[in-house]
Amino acid sequence: MTIVRIDDPHKFVCMEINEAKTEITAHGYECRIMYLNGRTIHMGLKPDYDPLRVNVWVEKGVVIKATIG
């Protein structure tokens, strides 16, 4: 799979989560939900930094924050 660099993860903010996931994976990155509707997600959380992962915070199906790592 070709990796297309994501320079600014903030471009996913205000996107529906399914649309954001599709675009993130199309770039060759992993998408990890960190927060969902008021709850921090702990299941399967890896404590490592991965430059090919986008962490997203989601409220009511919409991305409210996104970071690389």
# chains A, B, ... in the order shown; residues from 1 in each chain; ligands from 1
>>> select_by_dssp(residues="segment 5-35 of chain A", states="helix (DSSP H, G or I)", output="VMD selection string")
chain A and resid 9 to 12 17 to 26
>>> residues_around(residues="Ala26 of chain A", least_positions_apart="3", cutoff="10 Å", atoms="only C-alpha atoms", output="list in words")
Met1, Thr2, Ile3, Val4, Ala20, Lys21, Thr22, Glu23, Tyr29 and Glu30 of chain A
>>> write_last_selection(atoms="C-alpha atoms", output="short mmCIF file (atom, residue, chain, number, x, y, z; two decimals), in the first residue's frame")
data_model
loop_
_atom_site.label_atom_id
_atom_site.label_comp_id
_atom_site.auth_asym_id
_atom_site.auth_seq_id
_atom_site.Cartn_x
_atom_site.Cartn_y
_atom_site.Cartn_z
CA MET A 1 0.00 0.00 0.00
CA THR A 2 1.27 3.46 -0.86
CA ILE A 3 1.60 5.90 2.02
CA VAL A 4 0.55 9.47 1.31
CA ALA A 20 -12.39 10.38 8.29
CA LYS A 21 -11.49 6.69 8.83
CA THR A 22 -11.82 6.01 5.11
CA GLU A 23 -9.57 8.93 4.20
CA TYR A 29 -2.31 5.35 8.12
CA GLU A 30 -3.99 3.61 11.04
#
>>> residues_around(residues="Ile33 of chain A", least_positions_apart="4", cutoff="7 Å", atoms="only C-alpha atoms", output="PDB file with N, CA and C atoms, in the first residue's frame")
ATOM      1  N   ASN A  55      -4.739   9.715  15.647  1.00  0.00           N
ATOM      2  CA  ASN A  55      -5.609   9.567  16.809  1.00  0.00           C
ATOM      3  C   ASN A  55      -6.751  10.565  16.662  1.00  0.00           C
ATOM      4  N   VAL A  56      -7.976  10.098  16.851  1.00  0.00           N
ATOM      5  CA  VAL A  56      -9.132  10.988  16.715  1.00  0.00           C
ATOM      6  C   VAL A  56      -9.994  10.958  17.966  1.00  0.00           C
ATOM      7  N   TRP A  57     -10.594  12.099  18.254  1.00  0.00           N
ATOM      8  CA  TRP A  57     -11.556  12.261  19.322  1.00  0.00           C
ATOM      9  C   TRP A  57     -12.888  12.514  18.645  1.00  0.00           C
TER      10      TRP A  57
END
>>> closest_residue(among="A:Ala66, A:Val58, A:Ile6, A:Ile41", to="Asn18 of chain A", atoms="only C-alpha atoms")
A:Val58
>>> closest_residue(among="A:Pro47, A:Leu52, A:Arg39, A:Ile64", to="Lys11 of chain A", atoms="only C-alpha atoms")
A:Ile64
>>> closest_residue(among="A:Gly38, A:Ile68, A:Pro51, A:Arg32", to="Asp8 of chain A", atoms="only C-alpha atoms")
A:Ile68
>>> atom_distance(atom1="atom CA of His10 of chain A", atom2="atom CA of Asn37 of chain A")
18.7 Å
>>> atom_distance(atom1="atom CA of Phe12 of chain A", atom2="atom CA of Tyr49 of chain A")
19.4 Å
>>> closest_residue(among="A:Arg5, A:Gly28, A:Val13, A:Asp48", to="Thr67 of chain A", atoms="only C-alpha atoms")
A:Val13
>>> closest_residue(among="A:Thr25, A:Met34, A:His42, A:Pro9", to="Glu59 of chain A", atoms="only C-alpha atoms")
A:Met34
>>> closest_residue(among="A:Leu36, A:Asp50, A:Ile24, A:Cys14", to="Val63 of chain A", atoms="only C-alpha atoms")
A:Cys14
